[in-house]
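Q: What follows is the file query.cif, containing mmCIF, C-alpha atoms and all ligand atoms:
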data_my_file
#
loop_
_atom_site.group_PDB
_atom_site.id
_atom_site.type_symbol
_atom_site.label_atom_id
_atom_site.label_comp_id
_atom_site.auth_asym_id
_atom_site.auth_seq_id
_atom_site.Cartn_x
_atom_site.Cartn_y
_atom_site.Cartn_z
ATOM 1 C CA MET A 1 5.404 -11.429 13.168
ATOM 2 C CA ASP A 2 8.834 -12.547 12.050
ATOM 3 C CA ILE A 3 10.254 -15.564 10.237
ATOM 4 C CA VAL A 4 10.583 -17.671 13.385
ATOM 5 C CA GLY A 5 7.026 -16.716 14.357
ATOM 6 C CA ILE A 6 5.687 -17.949 11.021
ATOM 7 C CA TYR A 7 7.370 -21.347 11.459
ATOM 8 C CA GLU A 8 6.098 -21.628 15.019
ATOM 9 C CA VAL A 9 2.478 -20.633 14.354
ATOM 10 C CA PHE A 10 2.228 -22.285 10.925
ATOM 11 C CA PRO A 11 4.484 -25.348 10.969
ATOM 12 C CA THR A 12 2.713 -26.950 7.971
ATOM 13 C CA ASN A 13 0.659 -25.981 4.936
ATOM 14 C CA ASP A 14 -2.438 -27.417 6.644
ATOM 15 C CA HIS A 15 -2.022 -24.991 9.531
ATOM 16 C CA CYS A 16 -2.035 -22.156 7.005
ATOM 17 C CA ILE A 17 -5.203 -23.439 5.326
ATOM 18 C CA THR A 18 -7.017 -23.935 8.622
ATOM 19 C CA HIS A 19 -6.160 -20.385 9.611
ATOM 20 C CA LEU A 20 -7.297 -18.905 6.278
ATOM 21 C CA GLU A 21 -10.583 -20.846 6.480
ATOM 22 C CA LYS A 22 -11.222 -19.477 9.933
ATOM 23 C CA VAL A 23 -10.452 -15.911 8.853
ATOM 24 C CA ARG A 24 -12.506 -16.093 5.688
ATOM 25 C CA TRP A 25 -15.530 -18.105 6.786
ATOM 26 C CA GLY A 26 -15.512 -18.596 10.540
ATOM 27 C CA ASP A 27 -17.428 -21.834 11.090
ATOM 28 C CA LYS A 28 -19.607 -21.445 8.010
ATOM 29 C CA PRO A 29 -17.815 -22.025 4.720
ATOM 30 C CA LYS A 30 -19.496 -20.465 1.706
ATOM 31 C CA CYS A 31 -19.043 -21.300 -1.948
ATOM 32 C CA PRO A 32 -16.870 -18.541 -3.494
ATOM 33 C CA TYR A 33 -18.568 -19.050 -6.867
ATOM 34 C CA CYS A 34 -22.294 -19.026 -6.069
ATOM 35 C CA LYS A 35 -22.160 -17.858 -2.412
ATOM 36 C CA SER A 36 -24.223 -20.851 -1.294
ATOM 37 C CA PRO A 37 -23.722 -22.037 2.297
ATOM 38 C CA LYS A 38 -24.707 -25.577 1.256
ATOM 39 C CA VAL A 39 -21.241 -27.041 1.219
ATOM 40 C CA THR A 40 -19.789 -30.341 2.308
ATOM 41 C CA PRO A 41 -16.252 -30.351 3.699
ATOM 42 C CA ARG A 42 -13.660 -32.711 2.275
ATOM 43 C CA PRO A 43 -11.204 -32.501 5.140
ATOM 44 C CA LYS A 44 -8.682 -34.934 3.688
ATOM 45 C CA GLU A 45 -8.121 -32.791 0.623
ATOM 46 C CA LYS A 46 -8.578 -29.526 2.541
ATOM 47 C CA ARG A 47 -11.315 -28.674 0.076
ATOM 48 C CA HIS A 48 -15.081 -28.227 0.077
ATOM 49 C CA HIS A 49 -17.822 -29.290 -2.266
ATOM 50 C CA CYS A 50 -20.689 -26.961 -3.154
ATOM 51 C CA ASN A 51 -24.003 -28.810 -3.321
ATOM 52 C CA ASN A 52 -25.640 -25.924 -5.094
ATOM 53 C CA CYS A 53 -23.374 -25.382 -8.111
ATOM 54 C CA ASN A 54 -21.625 -28.733 -7.813
ATOM 55 C CA THR A 55 -18.103 -27.330 -7.770
ATOM 56 C CA SER A 56 -15.253 -28.129 -5.473
ATOM 57 C CA PHE A 57 -13.161 -25.344 -4.051
ATOM 58 C CA SER A 58 -10.476 -24.487 -1.526
ATOM 59 C CA VAL A 59 -10.119 -21.433 0.679
ATOM 60 C CA THR A 60 -7.650 -19.803 -1.709
ATOM 61 C CA VAL A 61 -10.200 -19.382 -4.545
ATOM 62 C CA ARG A 62 -10.514 -15.681 -5.461
ATOM 63 C CA THR A 63 -7.907 -14.566 -2.979
ATOM 64 C CA ILE A 64 -4.351 -13.400 -3.686
ATOM 65 C CA PHE A 65 -3.319 -17.068 -3.279
ATOM 66 C CA HIS A 66 -5.611 -18.342 -6.060
ATOM 67 C CA HIS A 67 -3.890 -20.815 -8.448
ATOM 68 C CA THR A 68 -0.662 -20.797 -6.500
ATOM 69 C CA HIS A 69 1.598 -23.819 -6.730
ATOM 70 C CA LEU A 70 3.684 -22.726 -3.791
ATOM 71 C CA PRO A 71 3.114 -23.833 -0.212
ATOM 72 C CA LEU A 72 1.161 -21.198 1.708
ATOM 73 C CA GLN A 73 3.952 -21.044 4.249
ATOM 74 C CA LYS A 74 6.098 -19.361 1.618
ATOM 75 C CA TRP A 75 3.334 -16.854 1.022
ATOM 76 C CA PHE A 76 3.039 -16.142 4.734
ATOM 77 C CA LEU A 77 6.798 -15.678 4.896
ATOM 78 C CA ALA A 78 6.679 -13.367 1.897
ATOM 79 C CA ILE A 79 3.977 -11.245 3.542
ATOM 80 C CA THR A 80 6.076 -10.943 6.689
ATOM 81 C CA LEU A 81 9.181 -9.987 4.716
ATOM 82 C CA VAL A 82 7.304 -7.324 2.722
ATOM 83 C CA LEU A 83 5.578 -5.870 5.787
ATOM 84 C CA ASN A 84 8.818 -5.684 7.744
ATOM 85 C CA ALA A 85 10.891 -4.135 4.940
ATOM 86 C CA LYS A 86 10.699 -0.461 5.825
ATOM 87 C CA LYS A 87 12.390 0.569 2.596
ATOM 88 C CA GLY A 88 10.748 -2.118 0.465
ATOM 89 C CA ILE A 89 12.261 -5.398 -0.675
ATOM 90 C CA ALA A 90 13.572 -6.123 -4.169
ATOM 91 C CA ALA A 91 12.186 -9.155 -6.027
ATOM 92 C CA ARG A 92 15.702 -10.587 -6.279
ATOM 93 C CA GLN A 93 16.134 -10.450 -2.499
ATOM 94 C CA LEU A 94 12.664 -11.846 -1.844
ATOM 95 C CA GLY A 95 13.442 -14.691 -4.247
ATOM 96 C CA ARG A 96 16.644 -15.538 -2.383
ATOM 97 C CA ASP A 97 14.859 -15.458 0.976
ATOM 98 C CA LEU A 98 12.047 -17.730 -0.216
ATOM 99 C CA HIS A 99 14.077 -20.019 -2.498
ATOM 100 C CA VAL A 100 11.974 -19.116 -5.536
ATOM 101 C CA ASN A 101 13.123 -17.442 -8.727
ATOM 102 C CA LYS A 102 13.084 -13.680 -9.182
ATOM 103 C CA ASP A 103 10.016 -13.635 -11.459
ATOM 104 C CA THR A 104 7.968 -15.737 -9.075
ATOM 105 C CA ALA A 105 9.027 -13.471 -6.207
ATOM 106 C CA TRP A 106 8.029 -10.418 -8.243
ATOM 107 C CA ARG A 107 4.569 -11.849 -8.960
ATOM 108 C CA MET A 108 4.099 -12.748 -5.297
ATOM 109 C CA ALA A 109 5.050 -9.250 -4.191
ATOM 110 C CA MET A 110 2.578 -7.743 -6.676
ATOM 111 C CA LYS A 111 -0.193 -9.968 -5.318
ATOM 112 C CA ILE A 112 0.709 -9.058 -1.763
ATOM 113 C CA ARG A 113 0.458 -5.389 -2.753
ATOM 114 C CA ASP A 114 -3.171 -6.084 -3.751
ATOM 115 C CA ALA A 115 -3.822 -6.814 -0.098
ATOM 116 C CA MET A 116 -2.149 -3.523 0.844
ATOM 117 C CA MET A 117 -4.304 -1.307 -1.377
ATOM 118 C CA GLU A 118 -5.599 1.724 0.407
ATOM 119 C CA ARG A 119 -8.319 2.645 -2.027
ATOM 120 C CA GLU A 120 -11.105 0.948 -0.144
ATOM 121 C CA GLN A 121 -10.090 2.537 3.101
ATOM 122 C CA ARG A 122 -11.662 5.906 3.455
ATOM 123 C CA ILE A 123 -9.017 7.767 5.422
ATOM 124 C CA ILE A 124 -9.981 11.363 6.261
ATOM 125 C CA LEU A 125 -7.102 13.414 7.596
ATOM 126 C CA GLN A 126 -7.581 15.851 10.423
ATOM 127 C CA GLY A 127 -5.699 18.372 12.558
ATOM 128 C CA LEU A 128 -2.363 19.703 11.362
ATOM 129 C CA VAL A 129 -2.048 18.355 7.831
ATOM 130 C CA GLU A 130 0.983 18.769 5.585
ATOM 131 C CA MET A 131 0.542 18.600 1.830
ATOM 132 C CA ASP A 132 3.223 18.411 -0.816
ATOM 133 C CA GLU A 133 3.858 17.114 -4.322
ATOM 134 C CA THR A 134 6.782 15.168 -5.662
ATOM 135 C CA TYR A 135 7.670 13.727 -9.036
ATOM 136 C CA VAL A 136 8.612 10.097 -9.617
ATOM 137 C CA GLY A 137 9.923 7.900 -12.404
ATOM 138 C CA GLY A 138 9.820 8.389 -16.155
ATOM 139 C CA LYS A 139 13.296 9.422 -17.228
ATOM 140 C CA PRO A 140 13.309 12.703 -19.201
ATOM 141 C CA ARG A 141 12.919 12.036 -22.941
ATOM 142 C CA LYS A 142 15.970 12.166 -25.158
ATOM 143 C CA GLY A 143 16.529 15.492 -26.829
ATOM 144 C CA THR A 144 14.613 17.545 -24.316
ATOM 145 C CA GLY A 145 17.739 19.317 -23.207
ATOM 146 C CA PRO A 146 19.151 19.382 -19.712
ATOM 147 C CA HIS A 147 17.598 17.085 -17.146
ATOM 148 C CA LYS A 148 14.762 18.965 -15.582
ATOM 149 C CA ARG A 149 13.440 18.198 -12.171
ATOM 150 C CA GLY A 150 10.011 18.535 -10.620
ATOM 151 C CA ARG A 151 7.193 20.588 -12.043
ATOM 152 C CA GLY A 152 7.157 20.892 -15.811
ATOM 153 C CA THR A 153 8.870 17.555 -16.561
ATOM 154 C CA LYS A 154 7.512 14.257 -17.897
ATOM 155 C CA LYS A 155 7.743 12.693 -14.478
ATOM 156 C CA ILE A 156 4.595 11.545 -12.719
ATOM 157 C CA PRO A 157 3.187 13.903 -10.108
ATOM 158 C CA VAL A 158 2.421 12.331 -6.766
ATOM 159 C CA VAL A 159 0.563 14.289 -4.103
ATOM 160 C CA GLY A 160 0.797 13.427 -0.433
ATOM 161 C CA MET A 161 -1.182 14.613 2.560
ATOM 162 C CA VAL A 162 -0.155 13.605 6.063
ATOM 163 C CA GLU A 163 -1.328 14.281 9.603
ATOM 164 C CA ARG A 164 1.402 15.682 11.782
ATOM 165 C CA ASP A 165 0.632 13.650 14.877
ATOM 166 C CA LYS A 166 3.769 12.448 16.661
ATOM 167 C CA GLY A 167 4.124 9.077 14.975
ATOM 168 C CA LYS A 168 0.451 8.183 14.762
ATOM 169 C CA GLY A 169 -0.606 10.450 11.908
ATOM 170 C CA LYS A 170 -2.066 8.841 8.802
ATOM 171 C CA ILE A 171 -0.997 9.503 5.250
ATOM 172 C CA LYS A 172 -2.886 9.616 1.966
ATOM 173 C CA VAL A 173 -0.953 9.592 -1.288
ATOM 174 C CA GLU A 174 -2.422 10.000 -4.765
ATOM 175 C CA VAL A 175 -0.751 9.369 -8.115
ATOM 176 C CA ILE A 176 -1.835 11.893 -10.762
ATOM 177 C CA LYS A 177 -2.026 9.491 -13.677
ATOM 178 C CA ASN A 178 -2.800 12.020 -16.420
ATOM 179 C CA ARG A 179 0.114 14.138 -15.152
ATOM 180 C CA LYS A 180 -2.088 17.245 -14.983
ATOM 181 C CA LEU A 181 -1.565 18.834 -11.628
ATOM 182 C CA ASP A 182 -3.039 22.296 -11.159
ATOM 183 C CA GLY A 183 -4.807 24.330 -8.500
ATOM 184 C CA LYS A 184 -8.179 22.821 -9.306
ATOM 185 C CA ARG A 185 -6.872 19.289 -8.874
ATOM 186 C CA LEU A 186 -5.073 20.138 -5.636
ATOM 187 C CA LYS A 187 -8.246 21.667 -4.191
ATOM 188 C CA ALA A 188 -10.262 18.588 -5.171
ATOM 189 C CA LEU A 189 -7.695 16.352 -3.445
ATOM 190 C CA VAL A 190 -7.933 18.415 -0.263
ATOM 191 C CA ARG A 191 -11.728 18.223 -0.299
ATOM 192 C CA LYS A 192 -11.620 14.470 -0.836
ATOM 193 C CA ASN A 193 -9.035 13.619 1.804
ATOM 194 C CA VAL A 194 -9.012 16.310 4.492
ATOM 195 C CA ASP A 195 -11.619 17.303 7.076
ATOM 196 C CA ILE A 196 -11.404 20.970 6.057
ATOM 197 C CA LYS A 197 -13.526 22.231 8.965
ATOM 198 C CA ASN A 198 -11.198 20.809 11.598
ATOM 199 C CA SER A 199 -7.756 21.100 10.042
ATOM 200 C CA THR A 200 -4.967 23.493 9.142
ATOM 201 C CA LEU A 201 -3.067 22.820 5.940
ATOM 202 C CA PHE A 202 0.685 23.401 5.541
ATOM 203 C CA THR A 203 2.197 23.618 2.067
ATOM 204 C CA ASP A 204 5.076 25.248 0.256
ATOM 205 C CA GLU A 205 4.613 28.409 -1.749
ATOM 206 C CA TYR A 206 3.728 26.703 -5.058
ATOM 207 C CA LYS A 207 1.054 28.826 -6.720
ATOM 208 C CA GLY A 208 -1.231 25.825 -7.237
ATOM 209 C CA TYR A 209 -2.096 26.075 -3.547
ATOM 210 C CA LEU A 210 -3.211 29.706 -3.782
ATOM 211 C CA GLY A 211 -6.948 29.024 -3.638
ATOM 212 C CA ILE A 212 -6.786 26.775 -0.586
ATOM 213 C CA LYS A 213 -7.124 29.620 1.904
ATOM 214 C CA THR A 214 -10.686 30.234 0.688
ATOM 215 C CA MET A 215 -11.563 26.711 1.869
ATOM 216 C CA MET A 216 -9.703 26.303 5.133
ATOM 217 C CA PRO A 217 -6.863 27.636 7.317
ATOM 218 C CA HIS A 218 -3.686 27.443 5.227
ATOM 219 C CA LYS A 219 -0.096 28.204 6.203
ATOM 220 C CA VAL A 220 2.631 28.561 3.635
ATOM 221 C CA ILE A 221 6.307 27.772 4.118
ATOM 222 C CA ASN A 222 8.740 30.269 2.785
ATOM 223 C CA HIS A 223 11.657 28.127 1.596
ATOM 224 C CA SER A 224 13.732 31.199 0.860
ATOM 225 C CA GLU A 225 14.022 31.782 4.600
ATOM 226 C CA TRP A 226 16.757 29.714 6.183
ATOM 227 C CA TYR A 227 15.004 29.080 9.467
ATOM 228 C CA VAL A 228 11.956 26.966 10.290
ATOM 229 C CA ASP A 229 9.159 29.344 11.187
ATOM 230 C CA GLY A 230 7.640 27.687 14.293
ATOM 231 C CA ASP A 231 5.226 24.947 13.252
ATOM 232 C CA VAL A 232 5.119 26.079 9.631
ATOM 233 C CA HIS A 233 6.991 23.257 7.892
ATOM 234 C CA THR A 234 6.384 20.141 5.801
ATOM 235 C CA ASN A 235 9.017 17.943 7.419
ATOM 236 C CA THR A 236 6.665 14.988 7.928
ATOM 237 C CA ILE A 237 5.639 14.600 4.297
ATOM 238 C CA GLU A 238 9.222 15.239 3.219
ATOM 239 C CA SER A 239 10.444 12.346 5.351
ATOM 240 C CA PHE A 240 7.865 10.110 3.650
ATOM 241 C CA TRP A 241 9.104 11.219 0.213
ATOM 242 C CA ALA A 242 12.658 10.429 1.289
ATOM 243 C CA LEU A 243 11.595 6.914 2.327
ATOM 244 C CA LEU A 244 9.622 6.390 -0.877
ATOM 245 C CA LYS A 245 12.391 7.589 -3.142
ATOM 246 C CA ARG A 246 15.064 5.552 -1.415
ATOM 247 C CA GLY A 247 12.760 2.562 -1.756
ATOM 248 C CA ILE A 248 11.916 3.093 -5.399
ATOM 249 C CA ILE A 249 15.409 4.012 -6.493
ATOM 250 C CA GLY A 250 17.234 1.603 -4.227
ATOM 251 C CA GLN A 251 15.018 -1.441 -4.569
ATOM 252 C CA TYR A 252 12.725 -1.201 -7.532
ATOM 253 C CA HIS A 253 14.964 0.691 -9.983
ATOM 254 C CA LYS A 254 12.496 1.480 -12.676
ATOM 255 C CA VAL A 255 8.852 1.748 -11.880
ATOM 256 C CA SER A 256 6.306 2.035 -14.651
ATOM 257 C CA LEU A 257 3.259 4.227 -14.279
ATOM 258 C CA SER A 258 0.913 1.280 -13.933
ATOM 259 C CA TYR A 259 2.852 -0.113 -10.986
ATOM 260 C CA LEU A 260 3.703 3.174 -9.311
ATOM 261 C CA ALA A 261 0.355 3.428 -7.530
ATOM 262 C CA LYS A 262 0.808 -0.082 -6.150
ATOM 263 C CA TYR A 263 4.286 0.660 -4.822
ATOM 264 C CA ILE A 264 3.037 3.863 -3.268
ATOM 265 C CA ASP A 265 0.151 2.021 -1.609
ATOM 266 C CA GLU A 266 2.715 -0.385 -0.163
ATOM 267 C CA PHE A 267 4.699 2.471 1.361
ATOM 268 C CA SER A 268 1.673 4.350 2.705
ATOM 269 C CA TYR A 269 0.197 1.115 4.096
ATOM 270 C CA ARG A 270 3.393 0.528 6.088
ATOM 271 C CA TRP A 271 3.430 4.178 7.177
ATOM 272 C CA ASN A 272 -0.183 4.055 8.376
ATOM 273 C CA ASN A 273 0.562 0.920 10.369
ATOM 274 C CA ARG A 274 3.958 1.854 11.749
ATOM 275 C CA LYS A 275 2.612 1.813 15.310
ATOM 276 C CA THR A 276 0.516 -1.332 14.822
ATOM 277 C CA ASP A 277 1.728 -4.353 16.789
ATOM 278 C CA SER A 278 3.708 -6.567 14.423
ATOM 279 C CA ASP A 279 1.517 -9.673 14.915
ATOM 280 C CA ASP A 280 -1.683 -7.638 14.471
ATOM 281 C CA PHE A 281 -0.206 -6.120 11.333
ATOM 282 C CA PHE A 282 0.491 -9.561 9.863
ATOM 283 C CA PHE A 283 -2.921 -11.021 10.730
ATOM 284 C CA SER A 284 -4.879 -7.999 9.536
ATOM 285 C CA THR A 285 -2.979 -8.077 6.244
ATOM 286 C CA LEU A 286 -3.769 -11.778 5.907
ATOM 287 C CA GLN A 287 -7.407 -10.920 6.474
ATOM 288 C CA ARG A 288 -7.289 -8.478 3.581
ATOM 289 C CA ALA A 289 -5.578 -11.130 1.466
ATOM 290 C CA VAL A 290 -8.455 -13.604 1.803
ATOM 291 C CA ARG A 291 -11.406 -11.281 1.862
ATOM 292 C CA GLY A 292 -11.786 -12.181 -1.804
ATOM 293 C CA ILE A 293 -10.644 -9.907 -4.605
HETATM 294 ZN ZN ZN A 301 -21.434 -22.971 -5.400
#
Take the structure from the file and write it as structure tokens.

A:
Amino acid sequence: MDIVGIYEVFPTNDHCITHLEKVRWGDKPKCPYCKSPKVTPRPKEKRHHCNNCNTSFSVTVRTIFHHTHLPLQKWFLAITLVLNAKKGIAARQLGRDLHVNKDTAWRMAMKIRDAMMEREQRIILQGLVEMDETYVGGKPRKGTGPHKRGRGTKKIPVVGMVERDKGKGKIKVEVIKNRKLDGKRLKALVRKNVDIKNSTLFTDEYKGYLGIKTMMPHKVINHSEWYVDGDVHTNTIESFWALLKRGIIGQYHKVSLSYLAKYIDEFSYRWNNRKTDSDDFFFSTLQRAVRGI
């Protein structure tokens, strides 16, 4: 879906509402407060009245669009712009595109990210799986000497696991919020996210990965060698890190810990849907947006 598509399929706010009602309820609207099906439509106002709890409601109640004062068309446009922005889109740019101010655009983008959360999707990775850690955000504290990088700094560890599957492979990325990343944690992440009986894991030579070979086939890249040893590499996860870091540095500038997981979900959601047809991608995201949060 692109901007022209949005205007063609949803020429008015009413078209947007009708679509959301269909996605959320089919032909049987239900009260979002008490779940009663005893509701009377008020088509003129595009609302419904619940005969059980005597409340009136619209389709946006308890969705990412709840309490919005903006036309839904702008929201649909915003979703399209976020989904199509491979490297992410800055709030300032989104604001210019939608003719809303930067703060409004920022809040919209955060809401849209709620619809992109991966945590309810149970993705289990299989086959050739690359695993790697990177460190994001949190400038080194003053007085801690030269700028350190990577392990041993105050930056936030982020662990990624990705299937190496010619463009279709899925990714799972976890933010280590307490900043404690050790062998035990890495093993737990593998157990949680990888089908260890049917996979081979590729990592670098970081000692935290030492115990993995007792669980499953594990191949280690020797970065001190200048050549790529056959299929032993972590190029796939490294290209995701490159995309993420360009996005975070280029678009979002500073990312606080509490938002980092949301930004990362945005990037992995796009990655996991990179082969999804663009219209399907839009409509399935819209479905997540109204499923009620
Ligand atoms: Zn009710």

Q: Can you tell me which residues come within 12 Å of ligand ZN 301 (chain A) when counting all atoms listed in the file, ideally as a PDB file with C-alpha atoms, keeping the file's coordinate frame?

A:
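File result22.pdb, as written:
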ATOM      1  CA  PRO A  29     -17.815 -22.025   4.720  1.00  0.00           C
ATOM      2  CA  LYS A  30     -19.496 -20.465   1.706  1.00  0.00           C
ATOM      3  CA  CYS A  31     -19.043 -21.300  -1.948  1.00  0.00           C
ATOM      4  CA  PRO A  32     -16.870 -18.541  -3.494  1.00  0.00           C
ATOM      5  CA  TYR A  33     -18.568 -19.050  -6.867  1.00  0.00           C
ATOM      6  CA  CYS A  34     -22.294 -19.026  -6.069  1.00  0.00           C
ATOM      7  CA  LYS A  35     -22.160 -17.858  -2.412  1.00  0.00           C
ATOM      8  CA  SER A  36     -24.223 -20.851  -1.294  1.00  0.00           C
ATOM      9  CA  PRO A  37     -23.722 -22.037   2.297  1.00  0.00           C
ATOM     10  CA  LYS A  38     -24.707 -25.577   1.256  1.00  0.00           C
ATOM     11  CA  VAL A  39     -21.241 -27.041   1.219  1.00  0.00           C
ATOM     12  CA  THR A  40     -19.789 -30.341   2.308  1.00  0.00           C
ATOM     13  CA  HIS A  48     -15.081 -28.227   0.077  1.00  0.00           C
ATOM     14  CA  HIS A  49     -17.822 -29.290  -2.266  1.00  0.00           C
ATOM     15  CA  CYS A  50     -20.689 -26.961  -3.154  1.00  0.00           C
ATOM     16  CA  ASN A  51     -24.003 -28.810  -3.321  1.00  0.00           C
ATOM     17  CA  ASN A  52     -25.640 -25.924  -5.094  1.00  0.00           C
ATOM     18  CA  CYS A  53     -23.374 -25.382  -8.111  1.00  0.00           C
ATOM     19  CA  ASN A  54     -21.625 -28.733  -7.813  1.00  0.00           C
ATOM     20  CA  THR A  55     -18.103 -27.330  -7.770  1.00  0.00           C
ATOM     21  CA  SER A  56     -15.253 -28.129  -5.473  1.00  0.00           C
ATOM     22  CA  PHE A  57     -13.161 -25.344  -4.051  1.00  0.00           C
ATOM     23  CA  SER A  58     -10.476 -24.487  -1.526  1.00  0.00           C
ATOM     24  CA  VAL A  61     -10.200 -19.382  -4.545  1.00  0.00           C
TER      25      VAL A  61
END

Q: Applied to the shown file, which residues does the PyMOL selection byres (((chain A and resi 284) around 12) and not hetatm) return, written as a CSV table (one decimal) with C-alpha atoms, in the coordinates of the input?

A:
chain,number,residue,atom,x,y,z
A,1,MET,CA,5.4,-11.4,13.2
A,20,LEU,CA,-7.3,-18.9,6.3
A,23,VAL,CA,-10.5,-15.9,8.9
A,24,ARG,CA,-12.5,-16.1,5.7
A,79,ILE,CA,4.0,-11.2,3.5
A,80,THR,CA,6.1,-10.9,6.7
A,83,LEU,CA,5.6,-5.9,5.8
A,115,ALA,CA,-3.8,-6.8,-0.1
A,116,MET,CA,-2.1,-3.5,0.8
A,269,TYR,CA,0.2,1.1,4.1
A,273,ASN,CA,0.6,0.9,10.4
A,276,THR,CA,0.5,-1.3,14.8
A,277,ASP,CA,1.7,-4.4,16.8
A,278,SER,CA,3.7,-6.6,14.4
A,279,ASP,CA,1.5,-9.7,14.9
A,280,ASP,CA,-1.7,-7.6,14.5
A,281,PHE,CA,-0.2,-6.1,11.3
A,282,PHE,CA,0.5,-9.6,9.9
A,283,PHE,CA,-2.9,-11.0,10.7
A,285,THR,CA,-3.0,-8.1,6.2
A,286,LEU,CA,-3.8,-11.8,5.9
A,287,GLN,CA,-7.4,-10.9,6.5
A,288,ARG,CA,-7.3,-8.5,3.6
A,289,ALA,CA,-5.6,-11.1,1.5
A,290,VAL,CA,-8.5,-13.6,1.8
A,291,ARG,CA,-11.4,-11.3,1.9

Q: Using all atoms listed in the file - which residues lie no farther than 10 Å from the point (-9.3, -22.4, 6.4) in the file's frame? Write them as a ChimeraX atom specification.

A: /A:14-27,29,46-47,58-60,290

Q: Here is a test: counting only C-alpha atoms, which residue of A:Ile196, A:Ile249, A:Val136, A:Leu125 is nearest to A:Lys172?

A: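 Selected residue with least distance to A:Lys172: A:Leu125.
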
Q: Can you build me a table of stretch 152-181 of chain A residues sitting at most 12 Å from stretch 203-227 of chain A, with the closest atom pair per residue and its distance in Å to one decimal, using all atoms listed in the file, sorted by chain and residue number, as JSON lines?

A:
{"residue": "A:Val159", "atom": "CA", "partner": "A:Thr203", "partner_atom": "CA", "distance": 11.3}
{"residue": "A:Gly160", "atom": "CA", "partner": "A:Thr203", "partner_atom": "CA", "distance": 10.6}
{"residue": "A:Met161", "atom": "CA", "partner": "A:Thr203", "partner_atom": "CA", "distance": 9.6}
{"residue": "A:Val162", "atom": "CA", "partner": "A:Thr203", "partner_atom": "CA", "distance": 11.0}
{"residue": "A:Lys180", "atom": "CA", "partner": "A:Gly208", "partner_atom": "CA", "distance": 11.6}
{"residue": "A:Leu181", "atom": "CA", "partner": "A:Gly208", "partner_atom": "CA", "distance": 8.3}

Q: Tell me, in Å to one decimal, how far atom CA of A:Leu257 is from atom CA of A:Thr68.

A: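 Interatomic distance, atom CA of A:Leu257 to atom CA of A:Thr68: 26.5 Å.
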
Q: Mind telling me what the PyMOL selection byres (((chain A and resi 69) around 12) and not hetatm) catches here, as number ranges by chain?

A: A: 13, 60, 65-68, 70-75, 100, 104, 108

Q: One number please: atom CA of A:Asp2 to atom CA of A:Lys262, in Å, one decimal.

A: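 Separation between atom CA of A:Asp2 and atom CA of A:Lys262: 23.5 Å.
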
Q: Tell me which residues come within 10 Å of (10.3, -5.9, 1.1), as an NGL selection string, counting all atoms listed in the file in the file's coordinates.

A: :A and (78-91 or 93-94 or 109 or 247 or 251 or 266)

Q: Using atom CA of A:Leu77 and atom CA of A:Ile3 as the two end points, give the distance in Å to one decimal.

A: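 We find that atom CA of A:Leu77 and atom CA of A:Ile3 lie 6.4 Å from each other.
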
Q: Mind giving me the axis-aligned box for stretch 182-199 of chain A with 3 Å on every side, centre plus edges in Å to one decimal, as lines of an AutoDock Vina configuration file?

A:
center_x = -8.3
center_y = 19.0
center_z = 0.2
size_x = 16.5
size_y = 16.7
size_z = 28.8

Q: Do a neighbour search on A:Glu238 at 10 Å with all atoms listed in the file, toss out local chain neighbours closer than 4 positions, and write the hits as a PyMOL selection string.

A: chain A and resi 130-134+160+162+233-234+242-244

Q: From the options A:Ala261, A:Ile124, A:Val175, A:Val158, which residue's atoms come nearest to A:Val194, counting all atoms listed in the file?

A: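 Comparing A:Ala261, A:Ile124, A:Val175, A:Val158 against A:Val194, the winner is A:Ile124.
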